[in-house]
>>> print(open('coords_12.txt').read())   # compact mmCIF, C-alpha atoms
# COMPACT_ATOMS: atom_id res chain seq x y z
CA MET A 202 43.66 171.84 -74.65
CA ALA A 203 43.51 172.66 -78.35
CA SER A 204 41.59 175.75 -79.39
CA ASP A 205 39.05 173.74 -81.40
CA GLY A 206 37.94 171.84 -78.28
CA ALA A 207 39.81 168.66 -79.19
CA LYS A 208 41.93 167.14 -76.45
CA GLU A 209 45.65 167.33 -77.19
CA THR A 210 47.84 164.41 -76.15
CA LEU A 211 51.44 165.10 -75.19
CA LEU A 212 54.18 162.54 -75.75
CA ALA A 213 57.40 162.10 -73.84
CA GLY A 214 60.24 159.59 -73.78
CA THR A 215 61.06 157.33 -76.70
CA LEU A 216 58.72 156.44 -79.53
CA PRO A 217 57.26 152.95 -78.99
CA THR A 218 57.74 150.45 -81.80
CA GLU A 219 54.01 149.72 -81.57
CA VAL A 220 53.24 152.88 -83.57
CA ASN A 221 54.12 150.88 -86.69
CA ILE A 222 50.59 149.40 -86.59
CA LEU A 223 49.43 152.70 -88.07
CA SER A 224 50.53 151.67 -91.56
CA SER A 225 48.29 154.18 -93.34
CA LEU A 226 49.63 157.14 -91.34
CA GLU A 227 50.29 160.18 -93.55
CA VAL A 228 51.16 162.89 -91.01
CA PHE A 229 53.23 162.53 -87.85
CA ARG A 230 53.53 165.69 -85.79
CA ALA A 231 55.10 165.76 -82.34
CA SER A 232 56.94 169.07 -82.06
CA GLY A 233 58.40 170.05 -78.70
CA MET A 234 57.14 166.95 -76.91
CA ASN A 235 60.27 165.98 -74.95
CA LEU A 236 60.84 162.95 -77.16
CA SER A 237 64.25 161.32 -77.05
CA GLY A 238 66.15 158.48 -78.68
CA PRO A 239 66.07 157.28 -82.28
CA ILE A 240 63.07 157.58 -84.59
CA ASP A 241 63.65 154.55 -86.80
CA VAL A 242 60.01 153.52 -86.36
CA ILE A 243 58.77 156.70 -88.12
CA TRP A 244 60.22 155.64 -91.45
CA MET A 245 58.13 152.42 -91.45
CA PHE A 246 55.06 154.26 -92.78
CA PRO A 247 55.02 153.95 -96.60
CA ASN A 248 52.19 156.52 -96.92
CA LEU A 249 53.97 159.14 -94.82
CA LYS A 250 53.77 162.62 -96.36
CA ARG A 251 54.62 164.98 -93.52
CA VAL A 252 56.93 164.54 -90.51
CA ARG A 253 57.28 167.28 -87.92
CA LEU A 254 59.42 166.37 -84.93
CA ASP A 255 61.25 169.62 -84.34
CA GLY A 256 62.23 170.78 -80.86
CA ASN A 257 62.81 167.41 -79.22
CA SER A 258 65.93 165.49 -78.12
CA LEU A 259 65.84 162.87 -80.85
CA THR A 260 69.04 161.11 -81.90
CA GLY A 261 70.38 158.85 -84.60
CA THR A 262 70.79 159.26 -88.32
CA ILE A 263 68.44 159.90 -91.19
CA PRO A 264 68.12 156.53 -92.97
CA THR A 265 69.88 156.05 -96.30
CA THR A 266 66.71 154.42 -97.67
CA ILE A 267 64.39 157.36 -96.92
CA ASN A 268 63.65 158.02 -100.60
CA ASP A 269 62.84 154.34 -101.25
CA ASP A 270 60.86 153.72 -98.05
CA ASN A 271 58.96 157.03 -97.99
CA PRO A 272 58.54 158.21 -101.60
CA LEU A 273 55.49 160.37 -100.79
CA LEU A 274 57.26 162.74 -98.39
CA ILE A 275 56.37 166.39 -98.88
CA SER A 276 57.68 167.87 -95.64
CA VAL A 277 60.41 166.71 -93.21
CA GLU A 278 60.95 169.02 -90.22
CA LEU A 279 63.52 167.60 -87.82
CA ASP A 280 65.27 170.78 -86.68
CA ASP A 281 66.48 171.40 -83.12
CA ASN A 282 67.20 167.78 -82.19
CA MET A 283 70.46 165.82 -81.91
CA PHE A 284 70.57 163.93 -85.21
CA ASN A 285 74.05 163.15 -86.49
CA GLY A 286 75.79 161.67 -89.49
CA PRO A 287 75.49 162.62 -93.15
CA LEU A 288 72.40 163.45 -95.15
CA PRO A 289 71.35 160.43 -97.20
CA GLU A 290 72.48 160.72 -100.82
CA GLY A 291 68.99 160.05 -102.21
CA ILE A 292 67.03 162.48 -100.04
CA GLY A 293 67.06 165.05 -102.86
CA ASN A 294 65.40 162.51 -105.15
CA LEU A 295 62.10 162.63 -103.29
CA PRO A 296 59.82 163.87 -106.09
CA ASP A 297 57.34 165.83 -103.95
CA LEU A 298 59.67 167.13 -101.21
CA GLU A 299 58.95 170.81 -100.60
CA ILE A 300 60.25 171.35 -97.05
CA LEU A 301 63.42 169.90 -95.53
CA SER A 302 64.26 171.56 -92.21
CA LEU A 303 67.25 170.13 -90.35
CA GLY A 304 68.89 173.10 -88.59
CA GLY A 305 70.11 172.79 -85.02
CA ASN A 306 71.32 169.18 -85.33
CA LYS A 307 74.78 167.62 -85.45
CA LEU A 308 74.70 166.56 -89.09
CA GLN A 309 78.03 166.21 -90.87
CA GLY A 310 79.34 166.03 -94.39
CA ASN A 311 78.36 167.59 -97.67
CA ILE A 312 74.99 168.32 -99.17
CA PRO A 313 74.24 165.36 -101.48
CA ASP A 314 74.49 165.85 -105.23
CA SER A 315 70.83 164.82 -105.52
CA PHE A 316 69.81 168.34 -104.39
>>> encode(input="coords_12.txt", output="C-alpha cells")
Amino acid sequence: MASDGAKETLLAGTLPTEVNILSSLEVFRASGMNLSGPIDVIWMFPNLKRVRLDGNSLTGTIPTTINDDNPLLISVELDDNMFNGPLPEGIGNLPDLEILSLGGNKLQGNIPDSF
C-alpha cells in the first residue's frame, strides 16, 4: 500500500495492447513490476512526457520514430531491462528531453550524432 493511503496496483507479464485507449496518458511508471516482452504499445501515446519502466525484463528495440511519435518526452528511464539494437538516430532531437537512462540493457552501436 502506498504511504498516502492510495492503493498501489502491481503489474506483471506483458503489457496489454488495450492500454492504448489511454490516449491522453502523460506519465507511465511501472518500475520493478516483473514486466516482460516488448513495449511497442507505450509509444502510441502522443502526449507522453515521462516513461519509467526500469528494473523489468522488457525486450525489443527503441523505435526509430520515437522523436516523431512522442515529441513531448521529458524523461525516458528504461534501465535494467533487456532492450537491444541501436539507439534511434533522432532520439537526441527531442526538444524537452532531460533524462535518458538506458544502462543495464543490451544496446549496441554508437551514440547518435543528434546528441
>>> atom_distance(input="coords_12.txt", atom1="CA of Ala231 (chain A)", atom2="CA of Thr262 (chain A)")
18.0 Å
>>> closest_residue(input="coords_12.txt", among="A:Pro264, A:Asn257, A:Ser302, A:Leu274", to="Val228 (chain A)", atoms="all atoms listed in the file")
A:Leu274
>>> residues_around(input="coords_12.txt", residues="region 306-316 of chain A", least_positions_apart="2", cutoff="9 Å", atoms="only C-alpha atoms", output="PyMOL selection string")
chain A and resi 262+279-294+303-304
>>> residues_around(input="coords_12.txt", residues="Glu299 (chain A)", least_positions_apart="3", cutoff="9 Å", atoms="only C-alpha atoms", output="number ranges by chain")
A: 274-277, 296
>>> atom_distance(input="coords_12.txt", atom1="CA of Thr260 (chain A)", atom2="CA of Gly305 (chain A)")
12.1 Å
